[in-house]
Every structure is written in structure tokens, then in C-alpha cells.
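The structure file upload05.txt is reproduced below (compact mmCIF, C-alpha atoms).
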# COMPACT_ATOMS: atom_id res chain seq x y z
CA MET A 21 -11.91 14.32 30.42
CA GLN A 22 -8.42 15.34 31.50
CA ASN A 23 -5.92 16.51 28.94
CA SER A 24 -3.89 13.32 28.63
CA PRO A 25 -0.73 13.07 26.51
CA TYR A 26 -2.84 10.96 24.11
CA SER A 27 -5.57 13.58 23.66
CA ALA A 28 -2.97 16.36 23.35
CA PHE A 29 -1.16 14.38 20.63
CA ALA A 30 -4.47 13.54 18.92
CA ALA A 31 -5.39 17.25 18.88
CA LEU A 32 -1.98 18.15 17.47
CA LEU A 33 -2.31 15.56 14.70
CA ALA A 34 -5.88 16.63 13.91
CA SER A 35 -4.93 20.32 13.81
CA SER A 36 -2.29 19.55 11.20
CA GLY A 37 -4.74 17.48 9.14
CA GLN A 38 -3.20 14.10 9.98
CA PRO A 39 -5.92 11.44 10.31
CA VAL A 40 -3.59 9.09 12.18
CA SER A 41 -4.09 7.85 15.72
CA PRO A 42 -1.35 8.66 18.26
CA ALA A 43 -1.61 5.02 19.35
CA GLU A 44 -0.73 3.77 15.86
CA LEU A 45 2.21 6.21 15.61
CA HIS A 46 3.52 5.16 19.02
CA GLY A 47 3.12 1.49 18.08
CA LEU A 48 5.03 2.09 14.84
CA LEU A 49 7.86 3.80 16.72
CA LEU A 50 8.07 1.16 19.43
CA GLY A 51 7.86 -1.69 16.89
CA ARG A 52 10.69 -0.37 14.75
CA SER A 53 12.76 0.43 17.85
CA CYS A 54 12.26 -3.08 19.27
CA ALA A 55 13.27 -4.61 15.95
CA GLY A 56 16.61 -2.81 16.06
CA ALA A 57 16.08 0.42 14.09
CA GLY A 58 18.12 2.43 16.56
CA PHE A 59 17.20 5.90 17.71
CA ASP A 60 18.34 8.25 14.93
CA ALA A 61 15.62 10.82 14.32
CA GLU A 62 15.71 10.94 10.51
CA PRO A 63 14.81 7.29 9.75
CA TRP A 64 12.00 7.49 12.34
CA LEU A 65 10.67 10.71 10.81
CA ALA A 66 10.81 9.09 7.35
CA ASP A 67 8.77 6.09 8.57
CA ALA A 68 6.34 8.39 10.41
CA SER A 69 5.96 10.54 7.27
CA GLU A 70 4.93 7.45 5.35
CA LEU A 71 2.20 6.69 7.88
CA LEU A 72 1.17 10.35 7.99
CA GLY A 73 1.01 10.56 4.20
CA GLY A 74 3.66 13.28 3.96
CA ALA A 75 6.29 15.20 5.87
CA PRO A 76 4.92 16.43 9.21
CA GLN A 77 4.62 20.11 10.07
CA ASP A 78 7.26 21.45 12.44
CA ASN A 79 5.14 21.13 15.58
CA VAL A 80 4.26 17.51 14.74
CA ARG A 81 7.89 16.83 13.82
CA GLN A 82 9.02 18.10 17.23
CA ALA A 83 6.38 15.98 18.97
CA LEU A 84 7.56 12.89 17.03
CA ILE A 85 11.16 13.53 18.06
CA GLY A 86 10.04 13.95 21.67
CA LEU A 87 8.11 10.70 21.47
CA GLN A 88 11.21 8.94 20.20
CA GLU A 89 13.31 10.33 23.06
CA MET A 90 10.72 9.00 25.50
CA VAL A 91 10.77 5.53 23.88
CA LYS A 92 14.57 5.48 23.84
CA ALA A 93 14.65 6.32 27.57
CA GLU A 94 12.10 3.58 28.31
CA LEU A 95 13.85 0.87 26.31
CA THR A 96 17.40 1.70 27.40
CA GLY A 97 16.65 2.81 30.97
CA GLU A 98 17.10 0.84 34.15
CA ASP A 99 13.46 0.32 35.08
CA MET A 100 12.50 -1.35 31.79
CA THR A 101 8.90 -0.14 31.59
CA VAL A 102 7.00 0.99 28.55
CA VAL A 103 4.23 3.57 28.82
CA LEU A 104 1.69 3.07 26.06
CA LEU A 105 0.32 6.16 24.33
CA LEU A 106 -3.38 5.33 24.71
CA PRO A 107 -6.55 7.24 25.66
CA ALA A 108 -7.10 8.01 29.34
CA ASP A 109 -9.14 5.68 31.56
CA ASP A 110 -12.17 8.00 31.47
CA VAL A 111 -12.60 7.49 27.71
CA PRO A 112 -15.27 4.88 26.79
CA LEU A 113 -13.84 1.36 26.68
CA ALA A 114 -14.75 0.93 23.00
CA GLU A 115 -12.52 3.90 22.06
CA ARG A 116 -9.68 2.68 24.26
CA ALA A 117 -9.96 -0.82 22.79
CA ALA A 118 -9.91 0.58 19.24
CA ALA A 119 -6.76 2.56 20.09
CA LEU A 120 -5.21 -0.60 21.55
CA GLY A 121 -5.85 -2.36 18.24
CA GLN A 122 -4.33 0.56 16.32
CA TRP A 123 -1.30 0.47 18.62
CA CYS A 124 -0.80 -3.25 17.91
CA GLN A 125 -1.18 -2.72 14.16
CA GLY A 126 1.37 0.11 14.29
CA PHE A 127 3.76 -2.00 16.35
CA LEU A 128 3.54 -4.96 13.97
CA GLY A 129 4.03 -2.66 10.97
CA GLY A 130 7.06 -0.98 12.51
CA PHE A 131 8.57 -4.24 13.67
CA GLY A 132 8.09 -5.86 10.26
CA LEU A 133 9.53 -2.83 8.49
CA VAL A 134 12.84 -3.23 10.31
CA ALA A 135 13.06 -6.93 11.20
CA GLY A 136 11.92 -8.16 7.78
CA ASP A 137 12.18 -11.93 7.79
CA ALA A 138 14.89 -12.15 10.44
CA ALA A 139 14.94 -15.39 12.40
CA LEU A 140 13.22 -14.99 15.77
CA SER A 141 12.96 -17.18 18.85
CA SER A 142 9.71 -19.02 19.50
CA GLU A 143 9.02 -16.58 22.38
CA ALA A 144 9.38 -13.60 20.06
CA MET A 145 7.15 -15.24 17.44
CA GLU A 146 4.55 -15.90 20.14
CA VAL A 147 4.58 -12.23 21.21
CA LEU A 148 4.08 -11.10 17.60
CA GLN A 149 1.19 -13.58 17.19
CA ASP A 150 -0.35 -12.26 20.41
CA LEU A 151 -0.11 -8.70 19.11
CA ALA A 152 -1.75 -9.73 15.84
CA ALA A 153 -4.58 -11.38 17.81
CA ILE A 154 -5.00 -8.33 20.09
CA ALA A 155 -5.20 -6.09 17.03
CA GLN A 156 -8.24 -8.12 15.91
CA VAL A 157 -10.22 -8.34 19.17
CA GLN A 158 -10.72 -4.63 19.76
CA SER A 159 -14.50 -4.81 19.37
CA ALA A 160 -14.87 -7.88 21.61
CA LEU A 161 -14.43 -5.85 24.82
CA ASP A 162 -17.73 -4.69 26.27
CA GLU A 163 -18.48 -1.89 28.72
CA SER A 164 -18.51 -4.00 31.89
CA GLU A 165 -16.31 -4.92 34.81
CA ASP A 166 -15.06 -7.93 32.83
CA GLY A 167 -14.36 -5.83 29.74
CA GLU A 168 -12.49 -3.28 31.85
CA SER A 169 -10.51 -6.05 33.55
CA ASP A 170 -9.66 -7.69 30.20
CA TYR A 171 -8.50 -4.34 28.84
CA MET A 172 -6.22 -3.77 31.84
CA GLU A 173 -4.78 -7.27 31.51
CA VAL A 174 -3.96 -6.71 27.83
CA MET A 175 -2.39 -3.33 28.65
CA GLU A 176 -0.16 -4.93 31.29
CA TYR A 177 0.94 -7.54 28.76
CA LEU A 178 1.70 -4.83 26.18
CA ARG A 179 3.90 -3.00 28.70
CA VAL A 180 6.27 -5.98 28.92
CA ALA A 181 5.94 -7.74 25.52
CA PRO A 182 7.96 -5.10 23.62
CA LEU A 183 10.81 -5.46 26.11
CA LEU A 184 11.22 -9.14 25.21
CA LEU A 185 11.43 -8.24 21.52
CA TYR A 186 13.82 -5.37 22.21
CA ALA A 187 16.07 -7.62 24.31
CA GLU A 188 16.17 -10.20 21.52
CA CYS A 189 16.41 -8.02 18.43
CA ALA A 190 17.79 -4.62 19.32
CA ARG A 191 19.81 -4.74 22.50
CA PRO A 192 23.51 -4.54 21.65
CA GLN A 193 25.15 -7.89 22.28
CA ALA A 194 28.39 -8.14 24.20
CA PRO A 195 31.20 -9.19 21.88
CA ALA A 196 32.01 -12.89 22.03
CA PRO A 197 35.22 -13.60 23.93
CA LYS A 198 38.17 -14.09 21.62
CA PRO A 199 39.26 -17.71 21.49
CA SER A 200 42.54 -18.24 23.27
CA LEU A 201 45.45 -19.63 21.33
CA HIS A 202 46.57 -22.22 23.91
Encoded form (C-alpha cells):
Amino acid sequence: MQNSPYSAFAALLASSGQPVSPAELHGLLLGRSCAGAGFDAEPWLADASELLGGAPQDNVRQALIGLQEMVKAELTGEDMTVVLLLPADDVPLAERAAALGQWCQGFLGGFGLVAGDAALSSEAMEVLQDLAAIAQVQSALDESEDGESDYMEVMEYLRVAPLLLYAECARPQAPAPKPSLH
């Protein structure tokens, strides 16, 4: 098994006694960012501390700040792609599917934390319902070609779904033109 960013982050969290999945943390960060939380480090670290059950050690704190920089670059960059922090492809499908569910739960938690009961478009509501459904089906994927294919399809969807929510909830809107006085 190669040393993926996911396994490196998982080892870092485990070494500091944090029983939290990197997928759930990444989901939380992306969810709150897509809901409009902005990219200031302190509020993110406060939300992460809540999930972690206390203030993170310095090395975890630095990793969390790095993760936020990565998410900021993905959401505000030109190529508009999101890289999910999930186990590598050589990890058994059941573990990857569980991490996918944790990612969705984290995303929904982070999004709800910031968006509250803000009015959302029907498309945005549909994306959130999809994420809630994906969070539940983690054990339905079996070790087979079909299971692998389903997993890849869901991952592709999760790479674009957050962008729709970010565009709707967090992207700065251009100011409305001032009405002319003619």
C-alpha cells in the first residue's frame, strides 16, 4: 500500500490520539467552505477542534491549515476540481466506501454548521439529499467490478457536487448595477 495523503493524515491523527477519519475532517472543511465560511484559519481550527474533541497538537494544526489552503486553491482556482481525501485505490473497497460515507457525513455537518437554514435552490437541496443518501449506502458496495464501478461513479459525482454548492452559497456575487436616475 503506497503512502497516500490519506494514510499519512490518518497516521498523523492516530499518533496524536485523534480517532477521527481524515475523510470526515476533509468533508467538514469542504462543507463549511462551500456554505460560505470563508478561508480564515481560526474558525476552521475551532470547528475541527470540536470534531477532534479538543485543540489539535501543533503538527495536526499545521496539517489542518495545509488542508484548508488546498481546499481554498481548489474552490477558487481556475480548473474547478476537488480532490477528495480518501483511501488509495489499493485499499479494500469496504474501507474506501466507509471513508466515503464519513466524508459525506463530515460535509453535511460542515455545510449545516455554516448555512443553517438558509434558503437553497432545488439543485442545491438535491445535492445535499444525494450526499445524505451516499452517507447511508457505504455498506451496499461489494468487492466486485460493479461495486468498484459504482464507487468510482460516486467519487466522480462528489468531485463536482461541492462546486455547485460553493457557486451558489459561497462565491462572492458581483454587486448589482446601480439603478440609473434617468
- Spatial neighbours of range 102-119 of chain A, 6 Å, only C-alpha atoms, chain gap at least 6 places, as a list in words: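 Skipping anything fewer than 6 positions along the chain leaves Tyr26, Ala43, Glu94, Gln158 and Arg179 of chain A.
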- So which one's closest to Ala75 in chain A, A:Ser27, A:Thr101, A:Gln149, A:Gln38? Using only C-alpha atoms, please. A:Gln38
- Task: Pull the neighbourhood of (-4.4, 0.6, 13.6) for me: all residues within 12 Å in file coordinates, counting all atoms listed in the file, as a PyMOL selection string.
- Result: chain A and resi 39-48+71+117-130+151-152+154-156+158
- Tell me which of A:Pro25, A:Gly51, A:Gly56, A:Gly74 sits closest to Glu188 in chain A, counting only C-alpha atoms.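 Nearest candidate to Glu188 in chain A out of A:Pro25, A:Gly51, A:Gly56, A:Gly74: A:Gly56.
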- CA of Arg52 in chain A to CA of Ala135 in chain A: how many Å, to one decimal?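 Computed distance, CA of Arg52 in chain A to CA of Ala135 in chain A, equals 7.8 Å.
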- Item | Interatomic distance, CA of Ala57 in chain A to CA of Val134 in chain A (Å, one decimal) |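 Separation of CA of Ala57 in chain A and CA of Val134 in chain A: 6.2 Å.
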- What is the CA of Ala190 in chain A-CA of Glu146 in chain A distance in Å, reported with one decimal?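 Those two atoms sit 17.4 Å apart.
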- Of the residues A:Leu148, A:Val180, A:Ile85, A:Leu72, which is the one nearest to Asp99 in chain A, using only C-alpha atoms?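 Counting only C-alpha atoms, the residue closest to Asp99 in chain A is A:Val180.
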- Query: Looking at all atoms listed in the file, which of A:Ala31, A:Ala181, A:Gly132, A:Asp170 is the one that sits closest to Val147 in chain A?
  - Reply: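 Comparing A:Ala31, A:Ala181, A:Gly132, A:Asp170 against Val147 in chain A, the winner is A:Ala181.
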- Message: Here is a test: counting only C-alpha atoms, which residue of A:Gly37, A:Gly136, A:Pro182, A:Gly167 is nearest to Gln77 in chain A?
- Response: A:Gly37
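With only C-alpha atoms as the basis for measurement, A:Leu32 is the residue among A:Leu185, A:Val91, A:Leu32, A:Val157 that approaches Pro76 in chain A most closely.
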